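S.K.: Would you mind keeping the following structure in view while I ask a few things?
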Amino acid sequence: MVETAFPLANEQVVVSAHDLSVFYGETQALKSVTLPIARNRVTALIGPSGCGKSSFLRSLNRLNDRIPGFRLQGRVRILDIDPYGSRVDMIELRRRVGMVFQKPTPLPMSIYDNVAIGARSHYGLRGRRLDEVVEQALRQAALWDEVKDILRRPALQLSGGQQQRLCIARMLAVDPEVILMDEPCSALDPVSTFRIEELMVELAKERTVIVVTHNMQQAARVSHYTAFFMYGELIEYGASKEFFLSPKMQATEDYISGRFG
Amino acid sequence: MRWLGRLFEAGVYVTGITVSLVVLVMFYYVAREARYAFGDTFAWGFRLALLPADSSDDMSPGSAPYTTLVTVNAEGSDGLDEHEEIVPAPSVSSVEGEMMLTTAATLVSDITDIRADRLYRDEWRALKTTQQGDQFLVLGYATPRYQQKTMVLAWEPDSGFDPTLSPYRLVLRLVRAPHGVDVQPFDIDLKRQPSGRITLPAWVARTDAERSNGYVFEIQATPHRSAFWATLRGIFSTEWAPTLMYPRYGVLPLLIATTLMSVLAMLFATPLAVATALYLSEIAQPRLREWLKPALELIASVPSVVLGYFGLMFVAPSLQNWLGQALGMESGRNLLTTSVMLAVLAIPIVASVTEDVLKTVPESLRESAMALGLTRGEMLWKVLLPAARSGIMAAVLIGAARVYGETMIVWILSGGTASMPSLSSLQDVSRVLVGSTRGVPDTIAIEMGNVAFESVHYGHLFLLGVFLFAATVLVNLTALYIGRKQVWRV
Ligand SMILES: Nc1ncnc2c1ncn2[C@@H]1O[C@H](COP(=O)(O)OP(=O)(O)OP(=O)(O)O)[C@@H](O)[C@H]1O
Ligand SMILES: [Mg+2]
């Protein structure tokens with residue numbers, strides 16, 4: 001069932017899941033997924049709702065741990081770290097693996113502090129250096145012009161789209177090597193969405209981006225590779241161009257042509 | 001089956017309305033009973049004495065051996081000294097005729113026999129409770145031994161009596177000078193001039209019969225403004241002493257003490273309670289939490305009398321042992337011990353509510369903090385606490401309202417002395433901390449049992465109840481208001 005001929009011949013694998021199964025109590029969210037992901041590329045995860053995309057993403061930076069009944073089988077490696085190994089440094093793991101969620105989650109503090117908190121915590125930056133990092137992150141997230149005069153305001157006063165870009169800036173300020181994005185554009189208007197897509201491409205020059213999306217055009221536009229999940233299984237995985245033009249599996253074709261899901 | 005639903009609905013209506021009404025009626029009753037505080041029964045009292053002209057002395061007994069005053073009271077024995085109680089008092093009409101000897105001086109049988117080494121000088125005190133107003137006639141003369149040309153009429157408020165608090169016009173005037181004595185009439189406003197002295201020509205009674213021709217002074221009390229304002233001034237004065245001859249009903253010391261011990265208790269309780277809540281909600285394993293949370297709520301429901309008793313048996317002695325020397329603690333029952341036990345009362349309440357509040361902080365916020373790689377400490381301190389701030393404040397206020405109205409613990413541990421706390425210096429503060437004190441609720445509880453029904457004191461206790469009610473309602477409303485602002489947009 002699983003397409004095993006992975007098209008990563010000339011790529012460096014930075015994240016890899018091997019025979020990964022995830023359970024929430026009785027529910028099995030992922031079923032023996034084996035998925036290597038290429039360095040400095042955008043990889044899109046698509047599939048119908050509830051098929052386990054988020055579960056996959058959250059297994060990579062151990063965000064599932066707090067969920068009652070969560071269990072994981074198989075092997076995960078990310079940036080040469082074994083996140084579920086006994087000696088893993090979670091702080092370090094999450095510094096190197098950033099994440100953006102579907103819903104914007106500004107922290108209850110000022111715009112500036114939202115962006116600064118990670119850099120302060122990980123790199124002990126202060127004063128001018130911190131200001132620079134904050135500005136750069138906000139510029140990258142295409143938010144600087146809108147907030148440069150109101151940096152001390154509570155982040156909650158921003159609009160939903162601005163909050164989402166703030167969350168991206170917050171993630172960027174920590175300077176992660178792998179970026180996990182779980183439907184980052186679902187709450188955004190077309191203009192913001194376009195900006196974020198540009199940003200993803202830009203980021204992929206020196207970072208690895210894994211993005212979950214329900215938007216086929218988006219996946220086709222920004223991603224180098226696409227993985228299709230269904231019912232917790234990886235159905236098809238390949239370079240995005242071929243993936244969308246000539247899917248190998250019937251289910252994939254049904255899904256991307258809108259006949260399913 | 002439909003009628004069953006209707007019946008249920010009607011039951012809910014009736015019960016809801018009845019219970020709300022009963023609560024309102026209860027408050028109305030308390031507020032209404034407080035009206036007795038504004039009764040027009042006020043006690044007032046002055047001390048008068050005739051002193052030798054050369055005496056620079058005060059009016060203490062024995063200071064003026066050669067003069068005396070005789071009271072003539074229209075009503076009888078009111079205002080006479082203890083010595084005189086055995087002697088029937090003369091009536092106004094008898095001032096000019098035959099009269100009995102009524103002063104302490106006259107315990108000696110003959111006026112010519114009066115000697116300086118005996119107690120024959122009288123200090124005259126008028127102590128009256130008055131509603132409509134009152135007047136006293138006071139007769140003054142010197143004994144034959146008196147040699148000087150003048151004598152002095154001195155007056156001062158009876159100890160403990162503050163003329164400015166009484167709703168009366170209080171006047172001292174000369175009614176009649178002895179025959180042949182030329183003296184300027186006077187009419188003194190005792191509120192303006194509560195104490196003073198006036199020099200008069202000496203007049204000596206040579207015989208028993210002559211005494212009645214002496215000076216006649218009058219002290220008069222007439223209601224001159226509403227008792228309401230006088231009571232109000234009294235309420236916001238700084239002494240609570242309802243059993244004195246001139247009762248003081250100043251609620252400030254009680255209110256301040258209650259506020260002080262509540263604030264202190266919350267200062268102790270808040271960090272501990274919040275830390276407990278953080279531990280329970282964020283750190284403890286679910287299995288442990290399942291045990292701890294109900295245990296905490298169980299502690300919150302321990303009757304406060306048990307906490308008070310525990311405090312008395314264990315906390316008070318150990319605080320006394322531990323800090324007694326350093327702080328100059330005379331007894332383990334003091335404000336500090338009370339606050340500590342009030343904190344013990346508050347901690348489970350605040351912790352439990354705070355834990356509920358932390359539950360309402362969306363999981364996404366925690367995940368964001370974790371995804372950023374913040375440490376758990378940073379997550380708790382920088383993300384969770386700010387996010388839950390208003391809810392936590394509300395929790396603290398709920399605890400504070402509970403503590404503010406707490407009776408038993410304060411009754412058992414406060415020591416029971418109502419005194420105005422002075423906080424002007426560091427030394428004062430520590431003295432207040434280790435000093436015996438008394439709050440509002442325990443005062444009500446202590447004094448309610450032995451107060452005369454519908455007396456002024458009784459009214460003041462209800463008034464205290466109103467204050468307490470108002471304060472706790474205010475705190476609770478603030479909690480509600482702040483708590484409502486806890487809306488987390490995500
Ligand atoms: N916290 C949880 N507790 C229990 N089951 C969960 C939990 N989160 C997800 N699941 C289950 O795991 C399965 C996969 O969920 P997941 O969130 O990974 O899907 P998804 O592909 O991200 O869907 P969507 O596109 O709607 O976000 C679902 O069947 C879901 O019911
Ligand atoms: Mg999802």
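Naming scheme: A, B, ... for chains in displayed order of the structure tokens; residues 1 onward per chain; ligands 1 onward as shown.
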Pick out the chain B residues within 8 Å of chain A. Count only C-alpha atoms. Give them as number ranges by chain.
M.R.: B: 364-365, 367-368, 370-375, 383, 386-387, 489-490
S.K.: Show me which residues line ligand 1, defined as having an atom within 8 Å of a ligand atom where only C-alpha atoms and all ligand atoms count, and present them as a PDB file with all heavy atoms, in the first residue's frame.
M.R.:
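Dumped to pocket05.pdb:
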ATOM      1  N   PHE A  23      -0.714   6.556  19.062  1.00  0.00           N
ATOM      2  CA  PHE A  23      -2.008   6.193  19.644  1.00  0.00           C
ATOM      3  C   PHE A  23      -2.440   7.257  20.641  1.00  0.00           C
ATOM      4  O   PHE A  23      -1.615   7.824  21.357  1.00  0.00           O
ATOM      5  CB  PHE A  23      -1.914   4.851  20.407  1.00  0.00           C
ATOM      6  CG  PHE A  23      -1.426   3.710  19.562  1.00  0.00           C
ATOM      7  CD1 PHE A  23      -0.071   3.499  19.366  1.00  0.00           C
ATOM      8  CD2 PHE A  23      -2.337   2.837  18.981  1.00  0.00           C
ATOM      9  CE1 PHE A  23       0.378   2.439  18.604  1.00  0.00           C
ATOM     10  CE2 PHE A  23      -1.893   1.771  18.216  1.00  0.00           C
ATOM     11  CZ  PHE A  23      -0.529   1.571  18.029  1.00  0.00           C
ATOM     12  N   TYR A  24      -3.739   7.538  20.647  1.00  0.00           N
ATOM     13  CA  TYR A  24      -4.338   8.303  21.755  1.00  0.00           C
ATOM     14  C   TYR A  24      -5.297   7.349  22.428  1.00  0.00           C
ATOM     15  O   TYR A  24      -6.424   7.181  21.959  1.00  0.00           O
ATOM     16  CB  TYR A  24      -5.081   9.523  21.241  1.00  0.00           C
ATOM     17  CG  TYR A  24      -4.225  10.487  20.441  1.00  0.00           C
ATOM     18  CD1 TYR A  24      -4.445  10.684  19.087  1.00  0.00           C
ATOM     19  CD2 TYR A  24      -3.194  11.191  21.068  1.00  0.00           C
ATOM     20  CE1 TYR A  24      -3.680  11.570  18.368  1.00  0.00           C
ATOM     21  CE2 TYR A  24      -2.410  12.070  20.347  1.00  0.00           C
ATOM     22  CZ  TYR A  24      -2.652  12.258  18.993  1.00  0.00           C
ATOM     23  OH  TYR A  24      -1.887  13.120  18.289  1.00  0.00           O
ATOM     24  N   GLY A  25      -4.892   6.737  23.497  1.00  0.00           N
ATOM     25  CA  GLY A  25      -5.748   5.730  24.117  1.00  0.00           C
ATOM     26  C   GLY A  25      -6.012   4.622  23.118  1.00  0.00           C
ATOM     27  O   GLY A  25      -5.085   3.974  22.643  1.00  0.00           O
ATOM     28  N   THR A  27      -7.566   5.120  20.151  1.00  0.00           N
ATOM     29  CA  THR A  27      -7.470   5.593  18.764  1.00  0.00           C
ATOM     30  C   THR A  27      -6.036   5.491  18.260  1.00  0.00           C
ATOM     31  O   THR A  27      -5.109   5.913  18.936  1.00  0.00           O
ATOM     32  CB  THR A  27      -7.881   7.077  18.669  1.00  0.00           C
ATOM     33  OG1 THR A  27      -8.817   7.360  19.696  1.00  0.00           O
ATOM     34  CG2 THR A  27      -8.431   7.413  17.303  1.00  0.00           C
ATOM     35  N   GLN A  28      -5.907   4.973  17.055  1.00  0.00           N
ATOM     36  CA  GLN A  28      -4.584   4.988  16.437  1.00  0.00           C
ATOM     37  C   GLN A  28      -4.592   6.085  15.375  1.00  0.00           C
ATOM     38  O   GLN A  28      -5.330   6.047  14.402  1.00  0.00           O
ATOM     39  CB  GLN A  28      -4.264   3.634  15.791  1.00  0.00           C
ATOM     40  CG  GLN A  28      -2.856   3.621  15.233  1.00  0.00           C
ATOM     41  CD  GLN A  28      -2.398   2.237  14.848  1.00  0.00           C
ATOM     42  OE1 GLN A  28      -3.180   1.286  14.860  1.00  0.00           O
ATOM     43  NE2 GLN A  28      -1.131   2.110  14.508  1.00  0.00           N
ATOM     44  N   ALA A  29      -3.755   7.104  15.593  1.00  0.00           N
ATOM     45  CA  ALA A  29      -3.762   8.266  14.702  1.00  0.00           C
ATOM     46  C   ALA A  29      -2.786   8.083  13.552  1.00  0.00           C
ATOM     47  O   ALA A  29      -2.993   8.612  12.467  1.00  0.00           O
ATOM     48  CB  ALA A  29      -3.416   9.528  15.487  1.00  0.00           C
ATOM     49  N   LEU A  30      -1.694   7.352  13.761  1.00  0.00           N
ATOM     50  CA  LEU A  30      -0.725   7.092  12.696  1.00  0.00           C
ATOM     51  C   LEU A  30      -0.435   5.600  12.682  1.00  0.00           C
ATOM     52  O   LEU A  30      -0.283   4.976  13.729  1.00  0.00           O
ATOM     53  CB  LEU A  30       0.582   7.865  12.934  1.00  0.00           C
ATOM     54  CG  LEU A  30       0.558   9.368  12.659  1.00  0.00           C
ATOM     55  CD1 LEU A  30       1.919   9.973  12.961  1.00  0.00           C
ATOM     56  CD2 LEU A  30       0.155   9.656  11.222  1.00  0.00           C
ATOM     57  N   ILE A  46      -0.544  16.631   3.169  1.00  0.00           N
ATOM     58  CA  ILE A  46      -1.960  16.843   2.881  1.00  0.00           C
ATOM     59  C   ILE A  46      -2.738  15.580   3.220  1.00  0.00           C
ATOM     60  O   ILE A  46      -2.151  14.523   3.462  1.00  0.00           O
ATOM     61  CB  ILE A  46      -2.202  17.226   1.405  1.00  0.00           C
ATOM     62  CG1 ILE A  46      -1.748  16.094   0.480  1.00  0.00           C
ATOM     63  CG2 ILE A  46      -1.483  18.523   1.044  1.00  0.00           C
ATOM     64  CD1 ILE A  46      -2.147  16.297  -0.959  1.00  0.00           C
ATOM     65  N   GLY A  47      -4.053  15.747   3.241  1.00  0.00           N
ATOM     66  CA  GLY A  47      -4.909  14.613   3.550  1.00  0.00           C
ATOM     67  C   GLY A  47      -6.172  15.073   4.208  1.00  0.00           C
ATOM     68  O   GLY A  47      -6.237  16.194   4.722  1.00  0.00           O
ATOM     69  N   PRO A  48      -7.185  14.229   4.203  1.00  0.00           N
ATOM     70  CA  PRO A  48      -8.467  14.620   4.799  1.00  0.00           C
ATOM     71  C   PRO A  48      -8.365  14.846   6.297  1.00  0.00           C
ATOM     72  O   PRO A  48      -7.415  14.396   6.936  1.00  0.00           O
ATOM     73  CB  PRO A  48      -9.392  13.431   4.485  1.00  0.00           C
ATOM     74  CG  PRO A  48      -8.486  12.294   4.178  1.00  0.00           C
ATOM     75  CD  PRO A  48      -7.233  12.872   3.625  1.00  0.00           C
ATOM     76  N   SER A  49      -9.322  15.537   6.813  1.00  0.00           N
ATOM     77  CA  SER A  49      -9.328  15.874   8.234  1.00  0.00           C
ATOM     78  C   SER A  49      -9.279  14.608   9.088  1.00  0.00           C
ATOM     79  O   SER A  49      -9.958  13.633   8.799  1.00  0.00           O
ATOM     80  CB  SER A  49     -10.603  16.666   8.545  1.00  0.00           C
ATOM     81  OG  SER A  49     -10.481  17.243   9.802  1.00  0.00           O
ATOM     82  N   GLY A  50      -8.462  14.636  10.107  1.00  0.00           N
ATOM     83  CA  GLY A  50      -8.390  13.517  11.029  1.00  0.00           C
ATOM     84  C   GLY A  50      -7.482  12.397  10.565  1.00  0.00           C
ATOM     85  O   GLY A  50      -7.431  11.337  11.178  1.00  0.00           O
ATOM     86  N   CYS A  51      -6.714  12.638   9.491  1.00  0.00           N
ATOM     87  CA  CYS A  51      -5.901  11.557   8.957  1.00  0.00           C
ATOM     88  C   CYS A  51      -4.553  11.461   9.663  1.00  0.00           C
ATOM     89  O   CYS A  51      -3.786  10.548   9.408  1.00  0.00           O
ATOM     90  CB  CYS A  51      -5.684  11.738   7.467  1.00  0.00           C
ATOM     91  SG  CYS A  51      -4.646  13.160   7.101  1.00  0.00           S
ATOM     92  N   GLY A  52      -4.237  12.396  10.568  1.00  0.00           N
ATOM     93  CA  GLY A  52      -3.031  12.262  11.367  1.00  0.00           C
ATOM     94  C   GLY A  52      -1.896  13.196  11.005  1.00  0.00           C
ATOM     95  O   GLY A  52      -0.774  13.011  11.467  1.00  0.00           O
ATOM     96  N   LYS A  53      -2.159  14.217  10.195  1.00  0.00           N
ATOM     97  CA  LYS A  53      -1.091  15.149   9.805  1.00  0.00           C
ATOM     98  C   LYS A  53      -0.528  15.877  11.025  1.00  0.00           C
ATOM     99  O   LYS A  53       0.686  15.926  11.242  1.00  0.00           O
ATOM    100  CB  LYS A  53      -1.641  16.178   8.804  1.00  0.00           C
ATOM    101  CG  LYS A  53      -2.320  15.556   7.604  1.00  0.00           C
ATOM    102  CD  LYS A  53      -2.857  16.603   6.674  1.00  0.00           C
ATOM    103  CE  LYS A  53      -3.963  17.432   7.264  1.00  0.00           C
ATOM    104  NZ  LYS A  53      -5.249  16.731   7.433  1.00  0.00           N
ATOM    105  N   SER A  54      -1.463  16.436  11.817  1.00  0.00           N
ATOM    106  CA  SER A  54      -1.003  17.155  13.005  1.00  0.00           C
ATOM    107  C   SER A  54      -0.269  16.218  13.950  1.00  0.00           C
ATOM    108  O   SER A  54       0.755  16.580  14.539  1.00  0.00           O
ATOM    109  CB  SER A  54      -2.179  17.797  13.724  1.00  0.00           C
ATOM    110  OG  SER A  54      -2.825  18.704  12.873  1.00  0.00           O
ATOM    111  N   SER A  55      -0.809  15.016  14.082  1.00  0.00           N
ATOM    112  CA  SER A  55      -0.174  14.055  14.980  1.00  0.00           C
ATOM    113  C   SER A  55       1.264  13.794  14.561  1.00  0.00           C
ATOM    114  O   SER A  55       2.165  13.711  15.406  1.00  0.00           O
ATOM    115  CB  SER A  55      -0.951  12.742  14.984  1.00  0.00           C
ATOM    116  OG  SER A  55      -2.260  12.962  15.430  1.00  0.00           O
ATOM    117  N   PHE A  56       1.466  13.710  13.253  1.00  0.00           N
ATOM    118  CA  PHE A  56       2.821  13.476  12.755  1.00  0.00           C
ATOM    119  C   PHE A  56       3.726  14.634  13.124  1.00  0.00           C
ATOM    120  O   PHE A  56       4.806  14.453  13.687  1.00  0.00           O
ATOM    121  CB  PHE A  56       2.793  13.301  11.232  1.00  0.00           C
ATOM    122  CG  PHE A  56       4.146  13.087  10.642  1.00  0.00           C
ATOM    123  CD1 PHE A  56       4.771  11.845  10.728  1.00  0.00           C
ATOM    124  CD2 PHE A  56       4.824  14.124  10.016  1.00  0.00           C
ATOM    125  CE1 PHE A  56       6.027  11.647  10.199  1.00  0.00           C
ATOM    126  CE2 PHE A  56       6.091  13.932   9.495  1.00  0.00           C
ATOM    127  CZ  PHE A  56       6.692  12.688   9.580  1.00  0.00           C
ATOM    128  N   ASN A  64       3.052  16.163  21.778  1.00  0.00           N
ATOM    129  CA  ASN A  64       1.936  15.292  22.109  1.00  0.00           C
ATOM    130  C   ASN A  64       1.998  14.773  23.540  1.00  0.00           C
ATOM    131  O   ASN A  64       1.030  14.204  24.034  1.00  0.00           O
ATOM    132  CB  ASN A  64       1.920  14.084  21.167  1.00  0.00           C
ATOM    133  CG  ASN A  64       1.293  14.437  19.832  1.00  0.00           C
ATOM    134  OD1 ASN A  64       0.426  15.292  19.770  1.00  0.00           O
ATOM    135  ND2 ASN A  64       1.756  13.800  18.782  1.00  0.00           N
ATOM    136  N   ILE A  67      -0.833  15.002  26.082  1.00  0.00           N
ATOM    137  CA  ILE A  67      -2.163  14.457  25.797  1.00  0.00           C
ATOM    138  C   ILE A  67      -2.330  13.125  26.524  1.00  0.00           C
ATOM    139  O   ILE A  67      -1.500  12.230  26.403  1.00  0.00           O
ATOM    140  CB  ILE A  67      -2.354  14.263  24.287  1.00  0.00           C
ATOM    141  CG1 ILE A  67      -2.264  15.625  23.594  1.00  0.00           C
ATOM    142  CG2 ILE A  67      -3.677  13.583  23.989  1.00  0.00           C
ATOM    143  CD1 ILE A  67      -2.289  15.549  22.100  1.00  0.00           C
ATOM    144  N   PRO A  68      -3.389  13.017  27.314  1.00  0.00           N
ATOM    145  CA  PRO A  68      -3.578  11.778  28.070  1.00  0.00           C
ATOM    146  C   PRO A  68      -3.755  10.592  27.119  1.00  0.00           C
ATOM    147  O   PRO A  68      -4.477  10.695  26.115  1.00  0.00           O
ATOM    148  CB  PRO A  68      -4.874  12.017  28.861  1.00  0.00           C
ATOM    149  CG  PRO A  68      -5.297  13.421  28.590  1.00  0.00           C
ATOM    150  CD  PRO A  68      -4.451  14.007  27.539  1.00  0.00           C
ATOM    151  N   GLY A  69      -3.096   9.518  27.426  1.00  0.00           N
ATOM    152  CA  GLY A  69      -3.235   8.304  26.618  1.00  0.00           C
ATOM    153  C   GLY A  69      -2.325   8.258  25.396  1.00  0.00           C
ATOM    154  O   GLY A  69      -2.381   7.308  24.624  1.00  0.00           O
ATOM    155  N   PHE A  70      -1.484   9.280  25.244  1.00  0.00           N
ATOM    156  CA  PHE A  70      -0.600   9.316  24.075  1.00  0.00           C
ATOM    157  C   PHE A  70       0.480   8.226  24.168  1.00  0.00           C
ATOM    158  O   PHE A  70       1.104   8.038  25.213  1.00  0.00           O
ATOM    159  CB  PHE A  70       0.059  10.696  23.966  1.00  0.00           C
ATOM    160  CG  PHE A  70       1.203  10.730  22.999  1.00  0.00           C
ATOM    161  CD1 PHE A  70       0.965  10.736  21.634  1.00  0.00           C
ATOM    162  CD2 PHE A  70       2.522  10.745  23.457  1.00  0.00           C
ATOM    163  CE1 PHE A  70       2.017  10.762  20.743  1.00  0.00           C
ATOM    164  CE2 PHE A  70       3.578  10.773  22.563  1.00  0.00           C
ATOM    165  CZ  PHE A  70       3.319  10.777  21.208  1.00  0.00           C
ATOM    166  N   ASP A 182       1.537  24.029  11.030  1.00  0.00           N
ATOM    167  CA  ASP A 182       0.296  23.262  10.981  1.00  0.00           C
ATOM    168  C   ASP A 182      -0.819  24.164  10.469  1.00  0.00           C
ATOM    169  O   ASP A 182      -1.393  24.927  11.226  1.00  0.00           O
ATOM    170  CB  ASP A 182      -0.030  22.721  12.378  1.00  0.00           C
ATOM    171  CG  ASP A 182      -1.091  21.637  12.321  1.00  0.00           C
ATOM    172  OD1 ASP A 182      -1.714  21.488  11.251  1.00  0.00           O
ATOM    173  OD2 ASP A 182      -1.278  20.948  13.332  1.00  0.00           O
ATOM    174  N   GLU A 183      -1.099  24.084   9.214  1.00  0.00           N
ATOM    175  CA  GLU A 183      -2.103  24.931   8.572  1.00  0.00           C
ATOM    176  C   GLU A 183      -1.934  26.390   8.964  1.00  0.00           C
ATOM    177  O   GLU A 183      -2.839  26.995   9.539  1.00  0.00           O
ATOM    178  CB  GLU A 183      -3.517  24.450   8.945  1.00  0.00           C
ATOM    179  CG  GLU A 183      -3.781  23.027   8.498  1.00  0.00           C
ATOM    180  CD  GLU A 183      -5.164  22.556   8.930  1.00  0.00           C
ATOM    181  OE1 GLU A 183      -6.113  23.306   8.717  1.00  0.00           O
ATOM    182  OE2 GLU A 183      -5.264  21.454   9.484  1.00  0.00           O
ATOM    183  N   VAL A 212       1.635  21.592   6.972  1.00  0.00           N
ATOM    184  CA  VAL A 212       0.369  20.895   6.757  1.00  0.00           C
ATOM    185  C   VAL A 212      -0.575  21.882   6.103  1.00  0.00           C
ATOM    186  O   VAL A 212      -0.662  23.033   6.530  1.00  0.00           O
ATOM    187  CB  VAL A 212      -0.223  20.445   8.107  1.00  0.00           C
ATOM    188  CG1 VAL A 212      -1.647  19.928   7.900  1.00  0.00           C
ATOM    189  CG2 VAL A 212       0.640  19.379   8.738  1.00  0.00           C
ATOM    190  N   THR A 213      -1.243  21.458   5.040  1.00  0.00           N
ATOM    191  CA  THR A 213      -2.176  22.384   4.403  1.00  0.00           C
ATOM    192  C   THR A 213      -3.352  21.629   3.806  1.00  0.00           C
ATOM    193  O   THR A 213      -3.245  20.465   3.432  1.00  0.00           O
ATOM    194  CB  THR A 213      -1.482  23.231   3.322  1.00  0.00           C
ATOM    195  OG1 THR A 213      -2.456  24.071   2.716  1.00  0.00           O
ATOM    196  CG2 THR A 213      -0.833  22.365   2.271  1.00  0.00           C
ATOM    197  N   HIS A 214      -4.479  22.325   3.757  1.00  0.00           N
ATOM    198  CA  HIS A 214      -5.648  21.761   3.090  1.00  0.00           C
ATOM    199  C   HIS A 214      -5.808  22.390   1.712  1.00  0.00           C
ATOM    200  O   HIS A 214      -6.773  22.124   1.024  1.00  0.00           O
ATOM    201  CB  HIS A 214      -6.907  22.017   3.919  1.00  0.00           C
ATOM    202  CG  HIS A 214      -7.033  21.073   5.063  1.00  0.00           C
ATOM    203  ND1 HIS A 214      -7.445  19.781   4.904  1.00  0.00           N
ATOM    204  CD2 HIS A 214      -6.773  21.222   6.382  1.00  0.00           C
ATOM    205  CE1 HIS A 214      -7.443  19.176   6.082  1.00  0.00           C
ATOM    206  NE2 HIS A 214      -7.039  20.030   7.002  1.00  0.00           N
ATOM    207  N   PHE A 229      -1.637  11.687   3.323  1.00  0.00           N
ATOM    208  CA  PHE A 229      -2.041  10.785   4.401  1.00  0.00           C
ATOM    209  C   PHE A 229      -3.522  10.479   4.273  1.00  0.00           C
ATOM    210  O   PHE A 229      -4.310  11.312   3.848  1.00  0.00           O
ATOM    211  CB  PHE A 229      -1.843  11.453   5.769  1.00  0.00           C
ATOM    212  CG  PHE A 229      -0.417  11.536   6.219  1.00  0.00           C
ATOM    213  CD1 PHE A 229       0.451  12.462   5.664  1.00  0.00           C
ATOM    214  CD2 PHE A 229       0.042  10.701   7.230  1.00  0.00           C
ATOM    215  CE1 PHE A 229       1.757  12.563   6.100  1.00  0.00           C
ATOM    216  CE2 PHE A 229       1.353  10.791   7.665  1.00  0.00           C
ATOM    217  CZ  PHE A 229       2.211  11.721   7.104  1.00  0.00           C
ATOM    218  N   TYR A 231      -6.439   8.109   6.762  1.00  0.00           N
ATOM    219  CA  TYR A 231      -6.703   7.157   7.862  1.00  0.00           C
ATOM    220  C   TYR A 231      -5.423   6.779   8.606  1.00  0.00           C
ATOM    221  O   TYR A 231      -5.217   5.621   8.955  1.00  0.00           O
ATOM    222  CB  TYR A 231      -7.381   5.896   7.335  1.00  0.00           C
ATOM    223  CG  TYR A 231      -8.645   6.179   6.559  1.00  0.00           C
ATOM    224  CD1 TYR A 231      -8.824   5.674   5.283  1.00  0.00           C
ATOM    225  CD2 TYR A 231      -9.648   6.978   7.133  1.00  0.00           C
ATOM    226  CE1 TYR A 231      -9.982   5.951   4.578  1.00  0.00           C
ATOM    227  CE2 TYR A 231     -10.804   7.267   6.431  1.00  0.00           C
ATOM    228  CZ  TYR A 231     -10.970   6.747   5.152  1.00  0.00           C
ATOM    229  OH  TYR A 231     -12.102   7.038   4.466  1.00  0.00           O
ATOM    230  N   GLY A 232      -4.563   7.719   8.791  1.00  0.00           N
ATOM    231  CA  GLY A 232      -3.359   7.452   9.574  1.00  0.00           C
ATOM    232  C   GLY A 232      -2.257   6.783   8.795  1.00  0.00           C
ATOM    233  O   GLY A 232      -1.194   6.488   9.351  1.00  0.00           O
TER     234      GLY A 232
END
S.K.: Give the helix (DSSP H, G or I) residues of range 188-418 of chain B, as DSSP finds them on the backbone, and put them as an MDAnalysis selection string.
M.R.: chainID B and resid 209:213 227:235 252:283 286:300 304:327 335:360 363:371 376:387 389:404 408:413
S.K.: Show me, as a PyMOL selection string, the residues that have an atom within 10 Å of range 451-464 of chain B when counting only C-alpha atoms, minus same-chain residues fewer than 3 positions from it.
M.R.: chain B and resi 29-42+231+235+241-243+247-251+254-255+440-441+443-448+467-470
S.K.: For the atom pair CA of Gln220 in chain B and CA of Leu190 in chain B, what is the interatomic distance in Å to one decimal place?
M.R.: 9.6 Å
S.K.: With only C-alpha atoms and all ligand atoms as the basis for distance, which of A:Ile81, A:Arg221, A:Leu57, A:Arg152 is at the shortest distance from ligand 2?
M.R.: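 Under the stated criterion, the closest residue is A:Leu57.
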